[in-house]
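A.B. asks: Contents of model-v6.cif (mmCIF, C-alpha atoms) are below:
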```
data_protein
loop_
_atom_site.label_atom_id
_atom_site.label_comp_id
_atom_site.auth_asym_id
_atom_site.auth_seq_id
_atom_site.Cartn_x
_atom_site.Cartn_y
_atom_site.Cartn_z
CA MET A 1 -7.59 -146.40 169.56
CA TYR A 2 -8.81 -147.03 173.11
CA SER A 3 -6.58 -148.30 175.89
CA LEU A 4 -8.17 -150.82 178.24
CA LEU A 5 -6.87 -152.30 181.47
CA ILE A 6 -8.08 -155.84 182.11
CA VAL A 7 -7.74 -157.04 185.69
CA GLU A 8 -8.55 -160.74 185.58
CA ASP A 9 -6.65 -163.67 187.08
CA ALA A 10 -8.42 -166.48 185.21
CA PRO A 11 -6.56 -167.29 181.97
CA ASP A 12 -9.71 -168.54 180.23
CA PHE A 13 -11.57 -165.25 180.75
CA GLN A 14 -8.44 -163.30 179.86
CA MET A 15 -8.25 -165.28 176.63
CA MET A 16 -11.90 -164.64 175.75
CA ILE A 17 -11.61 -160.93 176.38
CA GLN A 18 -8.37 -160.61 174.42
CA ARG A 19 -9.84 -162.48 171.45
CA VAL A 20 -13.08 -160.53 171.32
CA LEU A 21 -11.35 -157.17 171.69
CA SER A 22 -8.52 -157.93 169.29
CA GLY A 23 -8.09 -155.51 166.40
CA PRO A 24 -7.00 -151.96 165.72
CA ASN A 25 -9.57 -150.22 167.96
CA PHE A 26 -8.25 -151.47 171.27
CA ARG A 27 -4.92 -151.61 173.05
CA LEU A 28 -5.15 -154.06 175.93
CA ARG A 29 -3.10 -154.41 179.06
CA CYS A 30 -3.86 -157.54 181.09
CA VAL A 31 -2.88 -158.08 184.71
CA GLY A 32 -3.92 -160.74 187.23
CA THR A 33 -3.62 -159.03 190.62
CA ALA A 34 -4.92 -155.93 192.40
CA GLU A 35 -1.36 -154.78 193.06
CA ALA A 36 -0.38 -155.00 189.39
CA ALA A 37 -3.56 -153.11 188.47
CA ILE A 38 -2.69 -150.26 190.85
CA GLU A 39 0.83 -150.10 189.39
CA GLU A 40 -0.59 -149.85 185.87
CA LEU A 41 -3.05 -147.14 186.93
CA ASP A 42 -0.21 -145.16 188.51
CA ARG A 43 1.70 -145.38 185.26
CA GLU A 44 -1.02 -144.71 182.71
CA THR A 45 -4.55 -143.36 182.29
CA PHE A 46 -6.86 -145.87 180.60
CA ASP A 47 -10.08 -145.31 178.68
CA LEU A 48 -11.83 -148.14 180.54
CA VAL A 49 -11.03 -150.74 183.20
CA LEU A 50 -12.46 -154.27 183.34
CA LEU A 51 -12.16 -155.46 186.91
CA ASP A 52 -12.67 -158.88 188.45
CA ILE A 53 -13.81 -158.80 192.09
CA VAL A 54 -12.07 -161.89 193.48
CA LEU A 55 -8.33 -161.52 192.88
CA PRO A 56 -5.46 -163.54 194.35
CA ASP A 57 -4.13 -160.65 196.45
CA GLY A 58 -7.35 -158.99 197.50
CA ASP A 59 -10.40 -157.71 195.72
CA GLY A 60 -11.27 -155.47 192.82
CA TYR A 61 -13.17 -153.13 195.15
CA ARG A 62 -9.82 -151.92 196.50
CA VAL A 63 -8.71 -150.99 192.98
CA CYS A 64 -12.00 -149.21 192.27
CA THR A 65 -11.86 -147.28 195.56
CA ARG A 66 -8.31 -146.21 194.81
CA MET A 67 -9.33 -145.03 191.33
CA GLN A 68 -12.15 -142.92 192.76
CA SER A 69 -9.72 -141.20 195.11
CA GLU A 70 -7.46 -140.06 192.29
CA GLU A 71 -8.30 -137.12 190.05
CA ARG A 72 -6.62 -138.72 187.03
CA ASN A 73 -8.58 -142.00 187.27
CA ARG A 74 -11.87 -140.81 188.75
CA ASN A 75 -13.60 -140.47 185.40
CA THR A 76 -12.35 -143.71 183.89
CA PRO A 77 -15.28 -146.11 183.44
CA VAL A 78 -15.07 -149.32 185.49
CA PHE A 79 -16.83 -152.53 184.49
CA PHE A 80 -16.89 -155.24 187.13
CA LEU A 81 -16.65 -158.72 185.66
CA THR A 82 -17.38 -161.36 188.24
CA GLY A 83 -18.85 -164.68 189.25
CA LYS A 84 -20.55 -163.03 192.23
CA THR A 85 -24.25 -162.93 191.52
CA ASN A 86 -25.87 -161.59 194.68
CA VAL A 87 -27.49 -158.19 194.81
CA ASP A 88 -25.42 -156.97 197.78
CA GLU A 89 -22.25 -157.29 195.73
CA LYS A 90 -23.83 -155.43 192.82
CA ILE A 91 -24.98 -152.62 195.09
CA LYS A 92 -21.53 -152.40 196.65
CA ALA A 93 -19.89 -152.24 193.21
CA PHE A 94 -22.14 -149.45 191.98
CA SER A 95 -21.80 -147.53 195.24
CA LEU A 96 -18.03 -147.59 194.76
CA GLY A 97 -18.35 -146.08 191.29
CA ALA A 98 -18.86 -149.01 188.89
CA ASP A 99 -20.33 -148.17 185.50
CA ASP A 100 -21.41 -151.73 184.75
CA TYR A 101 -21.57 -155.12 186.46
CA ILE A 102 -21.26 -158.18 184.26
CA VAL A 103 -21.79 -161.66 185.66
CA LYS A 104 -19.73 -164.64 184.49
CA PRO A 105 -20.24 -166.54 182.30
CA PHE A 106 -20.88 -163.73 179.87
CA ASP A 107 -21.29 -163.44 176.14
CA PRO A 108 -18.04 -161.89 174.83
CA LEU A 109 -19.83 -160.17 171.97
CA GLU A 110 -22.27 -158.56 174.40
CA LEU A 111 -19.32 -157.46 176.54
CA LYS A 112 -17.71 -155.89 173.48
CA ALA A 113 -20.96 -154.09 172.59
CA ARG A 114 -21.28 -152.72 176.14
CA ILE A 115 -17.67 -151.50 176.10
CA GLU A 116 -18.06 -149.85 172.70
CA ALA A 117 -21.29 -148.13 173.73
CA LYS A 118 -19.70 -146.79 176.91
CA LEU A 119 -16.59 -145.56 175.10
CA ALA A 120 -18.65 -143.85 172.40
CA LYS A 121 -20.63 -141.97 175.06
CA LYS A 122 -17.46 -141.10 176.94
CA LYS A 123 -15.95 -139.68 173.76
CA ILE A 124 -18.96 -137.40 173.22
CA LYS A 125 -18.97 -136.36 176.89
CA ASP A 126 -15.24 -135.64 176.86
CA SER A 127 -15.48 -133.54 173.73
CA ASN A 128 -18.30 -131.47 175.26
CA GLU A 129 -16.46 -130.77 178.47
CA ASP A 130 -14.41 -127.66 179.02
CA ILE A 131 -11.59 -129.59 180.62
CA PHE A 132 -10.75 -133.07 179.41
CA ARG A 133 -7.86 -135.46 179.05
CA LYS A 134 -6.51 -137.18 176.02
CA GLY A 135 -3.66 -139.60 176.74
CA LYS A 136 -1.09 -137.57 178.66
CA LEU A 137 -2.60 -134.27 177.55
CA LYS A 138 -5.04 -132.12 179.47
CA ILE A 139 -7.04 -129.63 177.44
CA ASP A 140 -8.69 -126.59 179.01
CA LEU A 141 -11.08 -125.02 176.52
CA GLY A 142 -12.04 -122.19 178.87
CA PHE A 143 -8.49 -120.89 179.15
CA GLN A 144 -7.48 -122.24 175.70
CA LYS A 145 -4.55 -124.07 177.23
CA ALA A 146 -2.99 -127.49 176.81
CA PHE A 147 -0.94 -129.23 179.49
CA GLN A 148 1.32 -132.24 179.44
CA ILE A 149 0.71 -134.47 182.46
CA ALA A 150 3.90 -135.85 183.94
CA GLU A 151 4.29 -139.27 185.57
CA ASP A 152 3.92 -137.69 189.01
CA GLY A 153 0.68 -135.97 187.96
CA LYS A 154 2.19 -132.48 187.59
CA GLU A 155 0.80 -130.38 184.75
CA ASN A 156 3.16 -128.61 182.42
CA ASP A 157 1.65 -125.75 180.38
CA LEU A 158 2.66 -126.22 176.73
CA ARG A 159 2.23 -122.46 176.09
CA LEU A 160 0.55 -122.91 172.73
CA THR A 161 -0.26 -119.91 170.53
CA PRO A 162 -3.99 -119.46 169.73
CA ALA A 163 -3.50 -121.00 166.27
CA GLU A 164 -1.57 -123.98 167.65
CA PHE A 165 -4.26 -124.53 170.27
CA LYS A 166 -7.01 -124.42 167.65
CA LEU A 167 -5.08 -126.83 165.49
CA LEU A 168 -4.55 -129.29 168.35
CA HIS A 169 -8.18 -129.05 169.45
CA TYR A 170 -9.46 -129.61 165.92
CA LEU A 171 -7.27 -132.69 165.53
CA ILE A 172 -8.42 -134.06 168.91
CA ARG A 173 -12.08 -133.49 168.06
CA ASN A 174 -11.47 -135.57 164.95
CA GLU A 175 -9.40 -138.18 166.77
CA GLY A 176 -8.41 -141.08 164.54
CA LYS A 177 -9.70 -139.36 161.40
CA LEU A 178 -7.50 -138.02 158.65
CA CYS A 179 -7.61 -134.21 158.46
CA SER A 180 -6.45 -132.77 155.16
CA ARG A 181 -4.36 -129.56 154.99
CA SER A 182 -7.21 -127.67 153.32
CA GLN A 183 -9.61 -128.87 156.03
CA LEU A 184 -7.24 -127.63 158.72
CA LEU A 185 -6.68 -124.34 156.89
CA SER A 186 -10.36 -123.49 156.77
CA ALA A 187 -11.03 -124.79 160.29
CA ILE A 188 -8.23 -122.74 161.89
CA TRP A 189 -7.98 -119.61 159.77
CA GLY A 190 -11.35 -119.63 158.03
CA GLN A 191 -11.98 -119.33 154.33
CA GLU A 192 -11.95 -115.55 154.33
CA VAL A 193 -8.31 -115.21 155.28
CA HIS A 194 -5.61 -115.84 152.71
CA VAL A 195 -3.18 -118.31 154.26
CA LEU A 196 -0.72 -120.51 152.44
CA ASP A 197 -0.97 -124.29 152.56
CA HIS A 198 2.57 -124.31 153.95
CA ASN A 199 1.33 -122.53 157.09
CA VAL A 200 -0.32 -125.73 158.28
CA TYR A 201 2.98 -127.57 158.00
CA THR A 202 4.80 -124.78 159.89
CA HIS A 203 2.24 -124.81 162.71
CA ILE A 204 2.23 -128.59 162.94
CA CYS A 205 6.03 -128.52 163.30
CA ALA A 206 5.80 -125.90 166.04
CA LEU A 207 3.05 -127.83 167.79
CA ARG A 208 5.07 -131.06 167.67
CA ARG A 209 8.10 -129.28 169.13
CA LYS A 210 6.00 -128.09 172.08
CA LEU A 211 4.38 -131.49 172.50
CA ALA A 212 7.89 -132.99 172.77
CA ASP A 213 7.44 -136.60 174.02
CA LEU A 214 3.81 -136.51 172.93
CA ALA A 215 4.59 -135.38 169.36
CA GLU A 216 3.76 -138.90 168.19
CA TYR A 217 0.10 -138.14 168.94
CA ILE A 218 0.07 -136.20 165.65
CA GLU A 219 0.63 -138.60 162.79
CA SER A 220 1.58 -137.40 159.31
CA VAL A 221 -0.08 -139.11 156.40
CA PRO A 222 2.18 -138.30 153.42
CA ARG A 223 0.56 -136.03 150.83
CA LEU A 224 -2.81 -136.26 152.58
CA GLY A 225 -2.69 -134.57 155.98
CA TYR A 226 -2.57 -135.32 159.69
CA ARG A 227 -4.30 -137.48 162.25
CA PHE A 228 -4.47 -137.36 166.08
CA VAL A 229 -3.91 -140.79 167.61
CA VAL A 230 -3.08 -141.82 171.19
CA ARG A 231 -1.27 -145.17 171.19
CA MET B 232 -26.12 -184.25 176.83
CA ARG B 233 -24.24 -186.17 179.52
CA ALA B 234 -21.97 -184.93 182.33
CA GLY B 235 -24.43 -182.22 183.30
CA LEU B 236 -23.47 -180.00 180.41
CA ASP B 237 -25.55 -177.04 179.28
CA ALA B 238 -26.06 -177.65 175.57
CA SER B 239 -27.23 -174.11 174.80
CA GLN B 240 -24.17 -172.51 176.43
CA ILE B 241 -21.86 -174.80 174.46
CA LYS B 242 -23.74 -174.11 171.23
CA ASN B 243 -23.50 -170.33 171.79
CA LEU B 244 -19.81 -170.50 172.59
CA LYS B 245 -19.05 -172.65 169.55
CA LYS B 246 -21.09 -170.39 167.30
CA MET B 247 -19.28 -167.33 168.60
CA SER B 248 -15.95 -169.10 168.27
CA SER B 249 -16.66 -169.82 164.61
CA GLU B 250 -17.61 -166.17 164.07
CA MET B 251 -14.37 -165.00 165.68
CA ASP B 252 -11.22 -166.98 164.91
CA GLY B 253 -12.63 -170.49 164.94
CA ASN B 254 -10.28 -171.77 167.66
CA LEU B 255 -11.62 -170.09 170.78
CA PHE B 256 -13.78 -172.99 171.96
CA ALA B 257 -11.05 -175.61 171.51
CA ASP B 258 -8.50 -173.34 173.20
CA LEU B 259 -10.84 -172.76 176.14
CA VAL B 260 -11.41 -176.51 176.55
CA SER B 261 -7.66 -177.07 176.46
CA LEU B 262 -7.08 -174.39 179.12
CA PHE B 263 -9.87 -175.82 181.28
CA LYS B 264 -8.29 -179.29 181.15
CA THR B 265 -4.85 -177.93 182.02
CA ASN B 266 -5.77 -175.45 184.73
CA SER B 267 -8.60 -177.16 186.61
CA PRO B 268 -6.67 -180.06 188.22
CA GLY B 269 -4.60 -177.59 190.28
CA HIS B 270 -7.75 -175.93 191.58
CA LEU B 271 -9.41 -179.31 192.26
CA ASN B 272 -6.39 -180.36 194.32
CA LYS B 273 -6.61 -177.15 196.34
CA ILE B 274 -10.31 -177.76 196.93
CA GLU B 275 -9.52 -181.26 198.18
CA THR B 276 -6.83 -179.86 200.49
CA ALA B 277 -9.18 -177.13 201.74
CA ILE B 278 -11.90 -179.68 202.54
CA ARG B 279 -9.46 -181.98 204.34
CA SER B 280 -8.02 -179.14 206.41
CA LYS B 281 -11.39 -177.34 206.76
CA ASN B 282 -9.84 -174.20 205.33
CA ALA B 283 -12.93 -172.12 204.49
CA GLU B 284 -11.03 -169.25 202.92
CA LEU B 285 -9.14 -171.46 200.47
CA LEU B 286 -12.27 -173.49 199.69
CA GLY B 287 -14.29 -170.35 198.98
CA LYS B 288 -11.64 -168.89 196.68
CA GLU B 289 -11.00 -172.06 194.68
CA ALA B 290 -14.66 -173.04 194.41
CA HIS B 291 -15.48 -169.52 193.22
CA TYR B 292 -12.79 -169.76 190.55
CA LEU B 293 -13.95 -173.13 189.21
CA LYS B 294 -17.61 -172.11 189.41
CA SER B 295 -17.07 -169.44 186.77
CA SER B 296 -14.64 -171.40 184.59
CA SER B 297 -16.90 -174.45 184.42
CA ALA B 298 -20.05 -172.39 183.82
CA ASN B 299 -18.27 -170.58 181.01
CA LEU B 300 -17.81 -173.87 179.15
CA GLY B 301 -21.33 -175.07 179.89
CA ALA B 302 -20.29 -177.53 182.63
CA ALA B 303 -23.43 -176.59 184.55
CA GLU B 304 -23.54 -179.41 187.08
CA MET B 305 -19.89 -178.92 187.96
CA SER B 306 -20.51 -175.21 188.39
CA ASP B 307 -23.48 -175.95 190.64
CA VAL B 308 -21.38 -178.21 192.89
CA CYS B 309 -18.78 -175.41 193.10
CA ARG B 310 -21.53 -173.00 194.09
CA LYS B 311 -22.57 -175.37 196.91
CA LEU B 312 -18.95 -175.63 198.06
CA GLU B 313 -18.70 -171.84 198.01
CA MET B 314 -21.77 -171.70 200.28
CA ILE B 315 -20.19 -174.27 202.59
CA ALA B 316 -17.10 -172.05 202.79
CA GLU B 317 -19.27 -169.08 203.70
CA SER B 318 -21.19 -170.98 206.39
CA GLY B 319 -18.11 -172.77 207.77
CA SER B 320 -20.09 -175.99 208.16
CA PHE B 321 -18.15 -178.72 206.29
CA ASP B 322 -20.73 -181.55 206.73
CA ASP B 323 -21.33 -182.34 203.05
CA ALA B 324 -18.06 -180.98 201.74
CA ALA B 325 -16.17 -184.29 201.31
CA GLU B 326 -19.00 -185.85 199.31
CA LEU B 327 -19.31 -182.78 197.09
CA GLY B 328 -15.54 -182.72 196.59
CA GLN B 329 -15.60 -186.31 195.31
CA LYS B 330 -18.55 -185.55 193.07
CA LEU B 331 -16.68 -182.59 191.64
CA GLN B 332 -13.71 -184.77 190.60
CA VAL B 333 -16.05 -187.21 188.80
CA LEU B 334 -17.93 -184.41 187.06
CA PHE B 335 -14.68 -182.82 185.93
CA THR B 336 -13.49 -186.05 184.28
CA GLU B 337 -16.83 -186.55 182.53
CA ALA B 338 -17.04 -182.91 181.45
CA CYS B 339 -13.55 -183.05 179.92
CA GLN B 340 -14.48 -186.12 177.86
CA GLU B 341 -17.65 -184.50 176.55
CA LEU B 342 -16.04 -181.13 175.91
CA GLU B 343 -13.21 -182.73 173.97
CA LYS B 344 -15.78 -184.35 171.68
CA GLU B 345 -17.53 -181.00 171.30
CA ALA B 346 -14.25 -179.27 170.48
CA THR B 347 -13.65 -181.57 167.53
CA SER B 348 -17.21 -181.52 166.19
CA ALA B 349 -18.73 -178.82 164.00
CA VAL B 350 -21.02 -176.02 165.27
#
```
Show how you would write the structure in this file as structure tokens.
C.D. replies:
Amino acid sequence: MYSLLIVEDAPDFQMMIQRVLSGPNFRLRCVGTAEAAIEELDRETFDLVLLDIVLPDGDGYRVCTRMQSEERNRNTPVFFLTGKTNVDEKIKAFSLGADDYIVKPFDPLELKARIEAKLAKKKIKDSNEDIFRKGKLKIDLGFQKAFQIAEDGKENDLRLTPAEFKLLHYLIRNEGKLCSRSQLLSAIWGQEVHVLDHNVYTHICALRRKLADLAEYIESVPRLGYRFVVR
Amino acid sequence: MRAGLDASQIKNLKKMSSEMDGNLFADLVSLFKTNSPGHLNKIETAIRSKNAELLGKEAHYLKSSSANLGAAEMSDVCRKLEMIAESGSFDDAAELGQKLQVLFTEACQELEKEATSAV
């Protein structure tokens, strides 16, 4: 599931976006001012931000500039959604870090397709990077470490064992997909080593304990296995 | 189509609405009818008081909302008012403001008919 921040003051465009992106793949947070957007971005990291330029308390450029100045939001894709059609505005938006610029009125289905394409590419890019974020987790493949990111941005090393780290990384790489116990066994310990099925359960329990508040990221599917989901 | 409406935009929106939940177009028309009068009043106030900032903001808002529902002529008048706000020269503003009110009434009538008719 992807989390999207929609910064749009017009209720009709908010309604269109919410309808077209309704469903299990997206979790939407809608706000109507630049100030509310900044508050949301301080509180949570989103997978993508849809940003109107003309807002009641300023402009979307301020929000975009702020995002670019913060390590936690710098890599979040920004789509400007605006009634401003002139080239100068488009150039300004892209120079501030926009990933797309969509002029109103727009086709909601095209907007959805653009968002999905961007998120799919981001997912591939993230999984190929040595250091990436997933919800409130930061994964460092180079050092084989996982960190929990606190509200104030501080990183707390979860001190995972090599097997726990492998398990977590495998689940993240297969985000949203069900991973069976046998799949996890062979992925973490290999088929050569004799390990009991119960070992997966033991390691999942240990991993969840270390994840603490983020333990909900690992969902159990009774009798079938586990799934990594950020809600 | 009367009231300066863009038939192709309306057709696309209705088609998409039927592919989604079926109510989107009617809900958008309803929102447009409810929300626009407040913005039209602010435009009128802005023209009377020659408040360029307010005029620019409100005209920009209605430009997008009306274009979204295919009210092309209304959107075009808003665009002209937005340009007036940028230039600061209010010469034709009063006339355009009156035209906008008339176009809004006509657009609402036509859009209501569209909302109750099939794709």
A.B. asks: Restricting the calculation to all atoms listed in the file, which member of A:Ala113, A:Val54, A:Val229, A:Leu137 is positioned closest to A:Lys177?
C.D. replies: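 Looking only at the distances to A:Lys177, the closest residue turns out to be A:Val229.
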A.B. asks: Dump as a tab-separated table the rows for residues of chain B within 8 Å of chain A: closest atom pair and distance in Å with one decimal, only C-alpha atoms counted, ordered by chain and rising residue number.
C.D. replies:
```
residue	atom	partner	partner_atom	distance
B:Met247	CA	A:Leu109	CA	7.9
B:Met251	CA	A:Val20	CA	7.3
B:Leu255	CA	A:Met16	CA	7.4
B:Leu259	CA	A:Asp12	CA	6.0
B:Leu262	CA	A:Asp12	CA	6.5
B:Phe263	CA	A:Asp12	CA	7.4
B:Lys288	CA	A:Val54	CA	7.7
B:His291	CA	A:Gly83	CA	7.1
B:Tyr292	CA	A:Ala10	CA	7.6
B:Lys294	CA	A:Gly83	CA	7.5
B:Ser295	CA	A:Gly83	CA	5.7
B:Ser296	CA	A:Asp12	CA	7.2
B:Ala298	CA	A:Pro105	CA	6.0
B:Asn299	CA	A:Pro105	CA	4.7
```
A.B. asks: Just give me the gap between atom CA of A:Ile204 and atom CA of A:Asp130 in Å, one decimal is fine.
C.D. replies: 23.2 Å
A.B. asks: Pull out every residue that the PyMOL selection byres ((chain B and resi 326) around 12) matches in the shown coordinates and put them as JSON, numbers by chain.
C.D. replies: {"B": [275, 278, 279, 308, 311, 312, 321, 322, 323, 324, 325, 327, 328, 329, 330, 331, 332, 333]}
A.B. asks: For a quick check of understanding, using all atoms listed in the file, which of A:Asp157, A:Asp47, A:Glu216, A:Glu89 has the smallest distance to A:Pro77?
C.D. replies: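 Comparing A:Asp157, A:Asp47, A:Glu216, A:Glu89 against A:Pro77, the winner is A:Asp47.
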A.B. asks: Evaluate the PyMOL selection byres ((chain A and resi 148-152) around 10) against this structure - the residues, as a count of residues only, please.
C.D. replies: 24
A.B. asks: Could you spell out the hits of the PyMOL selection byres ((chain A and resi 65) around 12) on the shown file, as a PyMOL selection string?
C.D. replies: chain A and resi 34+38+51+59-64+66-70+73-74+78+92-98
A.B. asks: Could you name the residues that touch B:Leu236 at 8 Å or less, counting only C-alpha atoms, but leaving out those on the same chain fewer than 6 positions away, as a ChimeraX atom specification?
C.D. replies: /B:301-304,338
A.B. asks: Calculated over only C-alpha atoms, which of the candidates B:Ala238, B:Ser280, B:Ser318, B:Leu300 has the smallest distance to B:Phe335?
C.D. replies: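 Ranking B:Ala238, B:Ser280, B:Ser318, B:Leu300 by distance to B:Phe335, first place goes to B:Leu300.
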